[in-house]
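Take a look at the structure below.
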Amino acid sequence: MREPNRPEERRRSRVKNPTAGIIKSESGVDKPKNTQIRSRKATADPVEDLTAILSQKVVGQPTATRVIIPYIQMYQAGLAPEGRPVGVFLLLGPTGTGKTKTVEALAEVLHGTEKNVLKVDCGEFQMEHEVAKLIGAPPGYLGHRETQPMLTQQKLNAVTSEKCSLSLVLFDEIEKAAPSMTRLLLGVLDKGLLRLGDNSTVNFEKSLVFLTSNLGAREMMKEINPEFGFQSARPTDRADLTSKLQSIALMSVRKRFSPEFVNRIDCIITYQPLTVESLSTILDQQITDLQNHVNTRLGNRSFMLEVPFEARQFLLKKGTSAEYGARELNRTIHRFLTQPLATMVATNQVNVGATVRVEVDEPGDKLHMRALESEASPASTHPTVLLVDDNRDLLHFLERLMADAGWTLLTAESATEAKRLVAEHKLNAALLDYMLPDGNGVELGVEFLQAAPNALVIVMTGTILPPEEEALCEEHNFPVLRKPFLASDVMNQIRSRLMPVSAVRA
Ligand SMILES: Nc1ncnc2c1ncn2[C@@H]1O[C@H](COP(=O)(O)OP(=O)(O)O)[C@@H](O)[C@H]1O
Ligand SMILES: [Mg+2]
């Protein structure tokens with residue numbers, strides 16, 4: 001096997017279009033940071049930004065992120081080798097641990113949508129004759145003109161975007177492919193070229209190729225010990241387990257594929273069984289996604305979903321499966337949360353602005369949902385937000401998004417302008433850039449609080465805050481949002497803080 005070929009050219013240059021939908025800092029002075037609010041240390045490296053965003057989406061698989069990202073950077077820097085794909089990765093490991101999710105998350109980060117992946121389901125190409133579906137039949141075969149090859153240059157180009165010209169190609173469940181397909185793949189991996197039935201070629205030099213496989217999954221399951229569940233493993237056991245899984249994976253790959261095939265793979269990544277902590281993080285994400293889905297789909301008629309700790313524990317317990325990984329969790333959420341919620345909405349049991357609280361039933365075997373009428377002001381669903389930043393692009397971008405959500409937006413490019421607006425309007429939240437042409441966002445926030453003590457103040461910054469400002473934010477409980485951040489992060493932050501759970505509990 002080729003040495004795990006991590007690109008040497010780990011350039012610190014700025015990635016041209018590293019991410020989509022991320023709000024970037026406006027000047028070279030602003031050093032981009034990660035998307036987390038206060039929970040991670042600041043970085044000055046765009047690769048770390050990409051890493052942070054990707055590892056937020058793909059939980060508990062740090063190796064995958066660490067290994068893949070340098071290849072993207074190498075491409076962005078124009079240093080990818082010619083005559084072969086930018087990178088070839090074989091993703092192995094138990095079901096439901098995030099192999100496919102990794103490719104989808106990359107597509108979302110690079111192209112703005114997880115759909116921008118050219119996916120070939122190798123299970124559909126188990127028989128030799130089926131391979132014609134992939135590359136089209138050669139001339140001379142009856143009906144060859146009607147066969148539309150699955151892999152064409154056009155289809156490869158269609159999964160790029162304005163933001164990024166790199167195609168992500170996924171060959172799922174590669175072990176199922178017929179031998180002739182593996183041979184075709186060999187050409188793709190080796191020369192970056194695929195010859196179609198009509199003798200034209202498809203060029204994969206601007207592609208990252210991902211192969212996923214369940215090879216060794218059964219042996220892995222034995223190691224994971226389904227009897228007690230992998231979560232009982234102590235940390236030392238876990239490290240041991242990791243290396244065992246890795247060697248099982250390698251062995252089964254060598255058994256199934258020829259050395260020349262294995263040699264053309266840049267990295268073999270073994271996905272780890274998800275720990276309880278990872279599953280718990282995924283659960284939180286799924287609940288947030290569900291809330292976002294409710295907000296986007298129902299718009300002005302949306303409501304707040306409240307899932308307390310006990311209910312989350314219930315879902316986690318039901319959704320933990322060594323065999324199916326996070327897939328079981330997804331099924332559990334669907335069964336106990338999404339479906340009953342849909343029934344409540346369909347039967348008009350939830351009023352606008354209400355809170356739906358999820359509770360564990362007495363015997364502890366079911367979840368129960370209760371709609372609580374909201375005493376909260378419309379502020380929680382239609383807040384008035386003040387945005388202060390001298391970056392017009394950012395103002396306009398957020399303005400459009402918030403307007404779409406039915407929020408009222410006030411914008412200012414300076415502290416002076418902002419103070420005038422505060423005097424004239426009643427605000428629910430203020431989003432303040434730290435560096436303003438005529439002042440600083442933290443001090444402005446403190447001033448605002450005097451006028452509107454209940455308003456939510458969020459500080460945005462591209463630089464590390466000086467200690468005294470950091471202390472002020474701490475003291476006044478201002479969340480600090482580091483640029484770049486996703487627009488959805490800031491909207492969710494405002495939503496979750498403005499929905500006064502205590503008000504509806506009363
Ligand atoms: N590491 C992970 N981080 C976040 N979500 C995950 C992770 N692993 C699995 N999931 C969830 O489970 C679903 C199935 O995961 P998938 O990536 O398709 O599994 P597989 O490893 O079998 O390809 C995903 O759509 C996602 O919702
Ligand atoms: Mg998969």
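In the structure tokens, chains take letters A, B, ... by order of appearance, with residues numbered from 1 within each chain and ligands from 1 in the order shown.
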Practice task
From segment 149-270 of chain A, collect each residue whose DSSP state is strand (DSSP E or B) and return the set as a PyMOL selection string.
Solution key: chain A and resi 167-172+193-195+201-203+207-213+267-270
Practice task
Please extract the residues at most 6 Å from ligand 1, counting only C-alpha atoms and all ligand atoms, and provide them as a ChimeraX atom specification, using the chain letters and residue numbers of this document.
Solution key: /A:57-61,95-101,282,326-327
Would you tabulate, counting only C-alpha atoms and all ligand atoms, all residues of chain A that have an atom at most 12 Å from an atom of ligand 2, showing the closest pair of atoms and their distance in Å to one decimal, sorted by chain then ascending number, as a Markdown table?
```
| residue | atom | partner | partner_atom_place_in_ligand_line | distance |
| --- | --- | --- | --- | --- |
| A:Leu90 | CA | ligand 2 | 1 (Mg) | 12.0 |
| A:Leu91 | CA | ligand 2 | 1 (Mg) | 9.3 |
| A:Leu92 | CA | ligand 2 | 1 (Mg) | 9.6 |
| A:Gly93 | CA | ligand 2 | 1 (Mg) | 9.9 |
| A:Pro94 | CA | ligand 2 | 1 (Mg) | 9.5 |
| A:Thr95 | CA | ligand 2 | 1 (Mg) | 6.9 |
| A:Gly96 | CA | ligand 2 | 1 (Mg) | 6.9 |
| A:Thr97 | CA | ligand 2 | 1 (Mg) | 8.4 |
| A:Gly98 | CA | ligand 2 | 1 (Mg) | 7.1 |
| A:Lys99 | CA | ligand 2 | 1 (Mg) | 5.4 |
| A:Thr100 | CA | ligand 2 | 1 (Mg) | 4.2 |
| A:Lys101 | CA | ligand 2 | 1 (Mg) | 7.3 |
| A:Thr102 | CA | ligand 2 | 1 (Mg) | 9.3 |
| A:Val103 | CA | ligand 2 | 1 (Mg) | 9.5 |
| A:Glu104 | CA | ligand 2 | 1 (Mg) | 10.3 |
| A:Lys119 | CA | ligand 2 | 1 (Mg) | 10.8 |
| A:Val120 | CA | ligand 2 | 1 (Mg) | 11.5 |
| A:Asp121 | CA | ligand 2 | 1 (Mg) | 9.9 |
| A:Cys122 | CA | ligand 2 | 1 (Mg) | 11.5 |
| A:Gly123 | CA | ligand 2 | 1 (Mg) | 11.9 |
| A:Leu170 | CA | ligand 2 | 1 (Mg) | 9.8 |
| A:Phe171 | CA | ligand 2 | 1 (Mg) | 9.9 |
| A:Asp172 | CA | ligand 2 | 1 (Mg) | 6.6 |
| A:Glu173 | CA | ligand 2 | 1 (Mg) | 7.4 |
| A:Ile174 | CA | ligand 2 | 1 (Mg) | 10.7 |
| A:Phe210 | CA | ligand 2 | 1 (Mg) | 11.0 |
| A:Leu211 | CA | ligand 2 | 1 (Mg) | 9.9 |
| A:Thr212 | CA | ligand 2 | 1 (Mg) | 6.9 |
| A:Ser213 | CA | ligand 2 | 1 (Mg) | 8.0 |
| A:Asn214 | CA | ligand 2 | 1 (Mg) | 8.7 |
| A:Tyr271 | CA | ligand 2 | 1 (Mg) | 11.3 |
| A:Tyr324 | CA | ligand 2 | 1 (Mg) | 11.0 |
| A:Gly325 | CA | ligand 2 | 1 (Mg) | 11.2 |
| A:Ala326 | CA | ligand 2 | 1 (Mg) | 11.3 |
| A:Arg327 | CA | ligand 2 | 1 (Mg) | 10.1 |
```
Can I get the selection written as a CSV table (one decimal), in the first residue's frame, with N, CA and C atoms?
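again-v4.csv written:
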```csv
chain,number,residue,atom,x,y,z
A,90,LEU,N,-10.4,4.9,1.3
A,90,LEU,CA,-11.2,3.8,1.5
A,90,LEU,C,-11.7,3.9,3.0
A,91,LEU,N,-13.0,4.0,3.1
A,91,LEU,CA,-13.6,4.2,4.5
A,91,LEU,C,-14.2,2.8,4.9
A,92,LEU,N,-13.7,2.3,6.0
A,92,LEU,CA,-14.1,1.0,6.5
A,92,LEU,C,-14.7,1.2,8.0
A,93,GLY,N,-15.4,0.2,8.5
A,93,GLY,CA,-15.8,0.2,9.8
A,93,GLY,C,-17.3,-0.2,10.0
A,94,PRO,N,-17.7,-0.3,11.2
A,94,PRO,CA,-19.1,-0.8,11.4
A,94,PRO,C,-20.2,0.2,10.8
A,95,THR,N,-21.3,-0.4,10.6
A,95,THR,CA,-22.5,0.3,10.0
A,95,THR,C,-22.9,1.5,10.9
A,96,GLY,N,-23.3,2.6,10.2
A,96,GLY,CA,-23.9,3.7,11.0
A,96,GLY,C,-22.9,4.5,11.8
A,97,THR,N,-21.7,4.5,11.4
A,97,THR,CA,-20.7,5.3,12.2
A,97,THR,C,-20.2,6.6,11.4
A,98,GLY,N,-20.8,6.8,10.3
A,98,GLY,CA,-20.6,8.1,9.6
A,98,GLY,C,-19.8,8.1,8.4
A,99,LYS,N,-19.7,6.9,7.7
A,99,LYS,CA,-18.8,6.9,6.5
A,99,LYS,C,-19.5,7.7,5.4
A,100,THR,N,-20.7,7.3,5.1
A,100,THR,CA,-21.4,8.1,4.0
A,100,THR,C,-21.6,9.5,4.5
A,101,LYS,N,-21.9,9.7,5.7
A,101,LYS,CA,-22.2,11.0,6.3
A,101,LYS,C,-20.9,11.9,6.1
A,102,THR,N,-19.7,11.4,6.1
A,102,THR,CA,-18.5,12.2,5.9
A,102,THR,C,-18.5,12.8,4.6
A,103,VAL,N,-18.9,12.0,3.5
A,103,VAL,CA,-18.8,12.5,2.2
A,103,VAL,C,-19.9,13.6,2.0
A,104,GLU,N,-21.1,13.3,2.6
A,104,GLU,CA,-22.2,14.3,2.5
A,104,GLU,C,-21.9,15.6,3.2
A,119,LYS,N,-22.8,9.6,-6.6
A,119,LYS,CA,-22.8,8.4,-5.8
A,119,LYS,C,-23.0,7.2,-6.7
A,120,VAL,N,-22.2,6.2,-6.6
A,120,VAL,CA,-22.4,5.0,-7.3
A,120,VAL,C,-22.6,3.8,-6.3
A,121,ASP,N,-23.8,3.3,-6.4
A,121,ASP,CA,-24.1,2.2,-5.4
A,121,ASP,C,-23.6,0.9,-6.0
A,122,CYS,N,-22.5,0.4,-5.5
A,122,CYS,CA,-21.8,-0.8,-6.2
A,122,CYS,C,-22.7,-2.0,-6.1
A,123,GLY,N,-23.7,-2.0,-5.2
A,123,GLY,CA,-24.6,-3.2,-5.1
A,123,GLY,C,-25.4,-3.3,-6.4
A,170,LEU,N,-18.5,9.0,-4.8
A,170,LEU,CA,-18.6,8.0,-3.8
A,170,LEU,C,-19.0,6.6,-4.4
A,171,PHE,N,-18.1,5.6,-4.2
A,171,PHE,CA,-18.4,4.3,-4.6
A,171,PHE,C,-18.8,3.5,-3.3
A,172,ASP,N,-20.1,3.4,-3.1
A,172,ASP,CA,-20.6,2.8,-1.9
A,172,ASP,C,-20.6,1.3,-1.9
A,173,GLU,N,-20.2,0.7,-0.9
A,173,GLU,CA,-20.2,-0.8,-0.7
A,173,GLU,C,-19.4,-1.4,-1.9
A,174,ILE,N,-18.2,-1.1,-2.0
A,174,ILE,CA,-17.3,-1.5,-3.1
A,174,ILE,C,-17.1,-3.0,-3.1
A,210,PHE,N,-14.1,8.4,-3.0
A,210,PHE,CA,-14.3,7.7,-1.7
A,210,PHE,C,-14.9,6.3,-2.0
A,211,LEU,N,-14.3,5.3,-1.4
A,211,LEU,CA,-14.8,4.0,-1.5
A,211,LEU,C,-15.2,3.6,-0.1
A,212,THR,N,-16.4,3.1,0.0
A,212,THR,CA,-16.8,2.6,1.4
A,212,THR,C,-17.1,1.1,1.3
A,213,SER,N,-16.9,0.5,2.4
A,213,SER,CA,-17.0,-1.0,2.4
A,213,SER,C,-17.4,-1.5,3.8
A,214,ASN,N,-18.1,-2.6,3.8
A,214,ASN,CA,-18.4,-3.3,5.1
A,214,ASN,C,-17.4,-4.4,5.3
A,271,TYR,N,-13.4,3.5,10.6
A,271,TYR,CA,-14.4,4.3,11.5
A,271,TYR,C,-14.6,3.6,12.8
A,324,TYR,N,-26.0,-1.3,14.6
A,324,TYR,CA,-26.5,-0.3,13.6
A,324,TYR,C,-26.0,1.1,13.8
A,325,GLY,N,-25.2,1.3,14.9
A,325,GLY,CA,-24.6,2.6,15.1
A,325,GLY,C,-25.7,3.7,15.2
A,326,ALA,N,-25.4,4.9,14.6
A,326,ALA,CA,-26.4,6.0,14.7
A,326,ALA,C,-27.7,5.8,13.9
A,327,ARG,N,-27.6,4.8,13.1
A,327,ARG,CA,-28.9,4.5,12.3
A,327,ARG,C,-30.0,4.1,13.3
```
Report the closest atom pair, with its distance in Å rounded to one decimal, for each residue of segment 121-184 of chain A that has an atom no farther than 10 Å from segment 65-84 of chain A; count only C-alpha atoms, sort by chain and then rising residue number, and write it as CSV.
```
residue,atom,partner,partner_atom,distance
A:Cys164,CA,A:Gln76,CA,8.6
A:Ser165,CA,A:Gln76,CA,9.2
A:Leu166,CA,A:Tyr75,CA,8.0
```
Suppose we keep C-alpha atoms; can you now write the selection as an mmCIF file, in the first residue's frame?
```cif
data_model
loop_
_atom_site.group_PDB
_atom_site.id
_atom_site.type_symbol
_atom_site.label_atom_id
_atom_site.label_comp_id
_atom_site.auth_asym_id
_atom_site.auth_seq_id
_atom_site.Cartn_x
_atom_site.Cartn_y
_atom_site.Cartn_z
ATOM 1 C CA CYS A 164 -15.593 24.828 -5.471
ATOM 2 C CA SER A 165 -14.614 22.897 -8.591
ATOM 3 C CA LEU A 166 -13.753 19.688 -6.776
#
```
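We find atom CA of Gly319 of chain A and atom CA of Leu283 of chain A to be spaced 9.3 Å apart.
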Handout entry: Distance criterion (only C-alpha atoms): nearest to Val358 of chain A out of A:Phe89, A:Phe485, A:Trp407, A:Phe336
Key =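 Ranking A:Phe89, A:Phe485, A:Trp407, A:Phe336 by distance to Val358 of chain A, first place goes to A:Phe336.
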Problem - Contacts of Ala455 of chain A within 8 Å, only C-alpha atoms, excl. fewer than 3 positions in-chain, as a list in words - result: Leu427, Asn428, Ala429, Ala430, Leu449 and Ala452 of chain A
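Nearest to Leu168 of chain A of all the residues A:Asn199, A:Thr182, A:Asn116, A:Ser55 is A:Asn116, counting only C-alpha atoms.
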Practice task
Please give the complete set of residues from segment 51-278 of chain A that DSSP, run on the backbone, assigns to alpha helix (DSSP H), formatted as a PyMOL selection string.
Solution key: chain A and resi 51-57+62-76+99-111+131-135+153-158+179-191+217-224+235-256+259-263+276-278
Produce a file of the selected residues containing C-alpha atoms, as an mmCIF file, in the first residue's frame.
```cif
data_model
loop_
_atom_site.group_PDB
_atom_site.id
_atom_site.type_symbol
_atom_site.label_atom_id
_atom_site.label_comp_id
_atom_site.auth_asym_id
_atom_site.auth_seq_id
_atom_site.Cartn_x
_atom_site.Cartn_y
_atom_site.Cartn_z
ATOM 1 C CA THR A 51 -11.673 20.736 10.351
ATOM 2 C CA ALA A 52 -13.802 22.295 13.070
ATOM 3 C CA ILE A 53 -16.875 22.520 10.865
ATOM 4 C CA LEU A 54 -16.483 19.019 9.516
ATOM 5 C CA SER A 55 -15.877 17.439 12.897
ATOM 6 C CA GLN A 56 -18.989 19.156 14.173
ATOM 7 C CA LYS A 57 -20.981 17.414 11.486
ATOM 8 C CA PRO A 62 -11.395 12.750 14.197
ATOM 9 C CA THR A 63 -9.084 10.635 12.042
ATOM 10 C CA ALA A 64 -11.349 10.895 9.021
ATOM 11 C CA THR A 65 -11.389 14.681 9.181
ATOM 12 C CA ARG A 66 -7.683 14.966 9.880
ATOM 13 C CA VAL A 67 -6.714 12.741 6.984
ATOM 14 C CA ILE A 68 -9.062 14.082 4.307
ATOM 15 C CA ILE A 69 -8.719 17.828 4.751
ATOM 16 C CA PRO A 70 -5.055 18.172 3.705
ATOM 17 C CA TYR A 71 -6.011 16.774 0.300
ATOM 18 C CA ILE A 72 -8.652 19.440 -0.152
ATOM 19 C CA GLN A 73 -6.162 22.070 0.776
ATOM 20 C CA MET A 74 -3.622 20.667 -1.607
ATOM 21 C CA TYR A 75 -6.212 20.964 -4.369
ATOM 22 C CA GLN A 76 -7.207 24.486 -3.382
ATOM 23 C CA LYS A 99 -18.833 6.859 6.504
ATOM 24 C CA THR A 100 -21.415 8.083 4.023
ATOM 25 C CA LYS A 101 -22.162 11.031 6.274
ATOM 26 C CA THR A 102 -18.538 12.176 5.947
ATOM 27 C CA VAL A 103 -18.847 12.518 2.177
ATOM 28 C CA GLU A 104 -22.213 14.267 2.476
ATOM 29 C CA ALA A 105 -20.881 16.637 5.121
ATOM 30 C CA LEU A 106 -17.903 17.460 2.908
ATOM 31 C CA ALA A 107 -20.273 18.222 0.049
ATOM 32 C CA GLU A 108 -22.236 20.532 2.304
ATOM 33 C CA VAL A 109 -19.118 22.337 3.431
ATOM 34 C CA LEU A 110 -17.564 22.624 -0.051
ATOM 35 C CA HIS A 111 -20.629 23.080 -2.224
ATOM 36 C CA VAL A 131 -21.293 -2.613 -15.660
ATOM 37 C CA ALA A 132 -22.569 -1.303 -19.008
ATOM 38 C CA LYS A 133 -24.956 0.846 -16.969
ATOM 39 C CA LEU A 134 -21.931 2.569 -15.533
ATOM 40 C CA ILE A 135 -19.995 3.351 -18.690
ATOM 41 C CA GLN A 153 -17.911 14.045 -17.476
ATOM 42 C CA GLN A 154 -21.128 16.008 -17.421
ATOM 43 C CA LYS A 155 -22.367 14.236 -14.305
ATOM 44 C CA LEU A 156 -19.002 14.707 -12.658
ATOM 45 C CA ASN A 157 -19.066 18.414 -13.406
ATOM 46 C CA ALA A 158 -22.670 18.691 -12.252
ATOM 47 C CA PRO A 179 -14.630 -7.839 -10.866
ATOM 48 C CA SER A 180 -14.871 -5.931 -14.144
ATOM 49 C CA MET A 181 -16.023 -2.892 -12.232
ATOM 50 C CA THR A 182 -13.055 -3.179 -9.906
ATOM 51 C CA ARG A 183 -10.865 -3.251 -13.029
ATOM 52 C CA LEU A 184 -12.493 -0.085 -14.336
ATOM 53 C CA LEU A 185 -11.948 1.519 -10.997
ATOM 54 C CA LEU A 186 -8.319 0.628 -11.137
ATOM 55 C CA GLY A 187 -7.953 2.868 -14.177
ATOM 56 C CA VAL A 188 -9.767 5.678 -12.379
ATOM 57 C CA LEU A 189 -7.555 5.422 -9.327
ATOM 58 C CA ASP A 190 -4.356 5.012 -11.306
ATOM 59 C CA LYS A 191 -4.672 7.459 -14.193
ATOM 60 C CA ALA A 217 -17.621 -5.603 9.652
ATOM 61 C CA ARG A 218 -18.659 -8.997 11.008
ATOM 62 C CA GLU A 219 -15.290 -9.669 12.578
ATOM 63 C CA MET A 220 -15.339 -6.143 13.930
ATOM 64 C CA MET A 221 -18.688 -6.797 15.593
ATOM 65 C CA LYS A 222 -17.196 -9.707 17.463
ATOM 66 C CA GLU A 223 -14.491 -7.433 18.808
ATOM 67 C CA ILE A 224 -16.978 -4.769 19.756
ATOM 68 C CA PRO A 235 -10.529 4.159 27.650
ATOM 69 C CA THR A 236 -7.545 1.807 27.521
ATOM 70 C CA ASP A 237 -9.742 -0.922 26.112
ATOM 71 C CA ARG A 238 -10.917 1.487 23.513
ATOM 72 C CA ALA A 239 -7.431 2.285 22.248
ATOM 73 C CA ASP A 240 -6.843 -1.415 22.053
ATOM 74 C CA LEU A 241 -10.117 -1.886 20.203
ATOM 75 C CA THR A 242 -9.165 0.823 17.712
ATOM 76 C CA SER A 243 -5.990 -0.930 16.685
ATOM 77 C CA LYS A 244 -7.727 -4.310 16.552
ATOM 78 C CA LEU A 245 -10.435 -2.929 14.276
ATOM 79 C CA GLN A 246 -7.777 -1.360 12.114
ATOM 80 C CA SER A 247 -5.916 -4.603 11.603
ATOM 81 C CA ILE A 248 -9.154 -6.502 10.913
ATOM 82 C CA ALA A 249 -10.013 -3.887 8.293
ATOM 83 C CA LEU A 250 -6.620 -4.068 6.602
ATOM 84 C CA MET A 251 -6.583 -7.822 6.585
ATOM 85 C CA SER A 252 -9.993 -8.109 4.968
ATOM 86 C CA VAL A 253 -9.109 -5.465 2.381
ATOM 87 C CA ARG A 254 -5.948 -7.349 1.420
ATOM 88 C CA LYS A 255 -7.931 -10.562 1.173
ATOM 89 C CA ARG A 256 -10.583 -9.085 -1.112
ATOM 90 C CA PRO A 259 -2.281 -5.515 -4.147
ATOM 91 C CA GLU A 260 -2.286 -3.153 -7.138
ATOM 92 C CA PHE A 261 -5.775 -1.978 -6.209
ATOM 93 C CA VAL A 262 -4.842 -1.484 -2.566
ATOM 94 C CA ASN A 263 -1.672 0.314 -3.655
ATOM 95 C CA VAL A 276 -22.228 7.150 24.304
ATOM 96 C CA GLU A 277 -20.848 10.700 24.306
ATOM 97 C CA SER A 278 -20.779 10.804 20.506
#
```
Exercise for the section: Record the distance separating atom CA of Gln450 of chain A and atom CA of Phe397 of chain A, expressed in Å with one decimal. Expected result: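 Here the two named atoms are 28.9 Å from each other.
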Handout entry: Pairwise distance for atom CA of Ser496 of chain A and atom CA of Arg392 of chain A, rounded to one decimal in Å
Key = 25.9 Å
Practice task
Rank A:Asp489, A:Glu373, A:Glu114, A:Glu469 by their smallest atom-to-atom distance to Met304 of chain A, using only C-alpha atoms, and report the top residue only.
Solution key: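 Checking each of A:Asp489, A:Glu373, A:Glu114, A:Glu469 against Met304 of chain A, counting only C-alpha atoms, the winner is A:Glu373.
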Exercise for the section: Write out as JSON, numbers by chain each polymer residue whose atoms come within 8 Å of Ser207 of chain A, counting only C-alpha atoms; drop sequence neighbours fewer than 6 positions from it. Expected result: {"A": [85, 86, 87, 166, 167, 168, 169]}
Could you save the residues just selected, with N, CA and C atoms, as a short mmCIF file (atom, residue, chain, number, x, y, z; two decimals), in the first residue's frame?
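Result written to result.cif:
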```
data_model
loop_
_atom_site.label_atom_id
_atom_site.label_comp_id
_atom_site.auth_asym_id
_atom_site.auth_seq_id
_atom_site.Cartn_x
_atom_site.Cartn_y
_atom_site.Cartn_z
N PRO A 85 -6.69 11.04 -9.40
CA PRO A 85 -7.62 11.83 -8.58
C PRO A 85 -6.84 12.57 -7.48
N VAL A 86 -7.46 13.63 -6.97
CA VAL A 86 -6.81 14.42 -5.92
C VAL A 86 -6.53 13.55 -4.68
N GLY A 87 -7.47 12.66 -4.38
CA GLY A 87 -7.28 11.76 -3.24
C GLY A 87 -8.19 10.55 -3.37
N LEU A 166 -14.17 21.06 -7.11
CA LEU A 166 -13.75 19.69 -6.78
C LEU A 166 -15.00 18.78 -6.72
N SER A 167 -14.96 17.67 -7.47
CA SER A 167 -16.10 16.73 -7.42
C SER A 167 -15.85 15.67 -6.36
N LEU A 168 -16.91 15.32 -5.65
CA LEU A 168 -16.81 14.23 -4.68
C LEU A 168 -17.50 13.02 -5.29
N VAL A 169 -16.76 11.93 -5.40
CA VAL A 169 -17.31 10.72 -6.01
C VAL A 169 -17.30 9.62 -4.96
#
```
Residues within 9 Å of Val360 of chain A, only C-alpha atoms, excluding chain neighbours under 6 positions, as an mmCIF file with C-alpha atoms, in the first residue's frame:
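That gives us out-v1.cif:
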```
data_model
loop_
_atom_site.group_PDB
_atom_site.id
_atom_site.type_symbol
_atom_site.label_atom_id
_atom_site.label_comp_id
_atom_site.auth_asym_id
_atom_site.auth_seq_id
_atom_site.Cartn_x
_atom_site.Cartn_y
_atom_site.Cartn_z
ATOM 1 C CA GLU A 310 -34.760 12.558 30.966
ATOM 2 C CA ALA A 311 -36.400 12.338 27.548
ATOM 3 C CA PHE A 314 -34.713 7.701 27.093
ATOM 4 C CA LYS A 366 -42.905 5.646 26.233
ATOM 5 C CA LEU A 367 -42.592 9.319 25.545
ATOM 6 C CA HIS A 368 -45.508 11.627 25.973
ATOM 7 C CA MET A 369 -45.917 15.014 24.296
#
```
Exercise for the section: May I have the residues within 12 Å of Ile287 of chain A as a ChimeraX atom specification, using only C-alpha atoms and disregarding those fewer than 4 positions away in the same chain? Expected result: /A:280-283,291-294,304-308,311-312,315-316,329-330,332-334,336-338,358
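Between Arg495 of chain A and the residues A:Leu444, A:Val459, A:Met402, A:Met344, the shortest atom-to-atom distance, using only C-alpha atoms, involves A:Met402.
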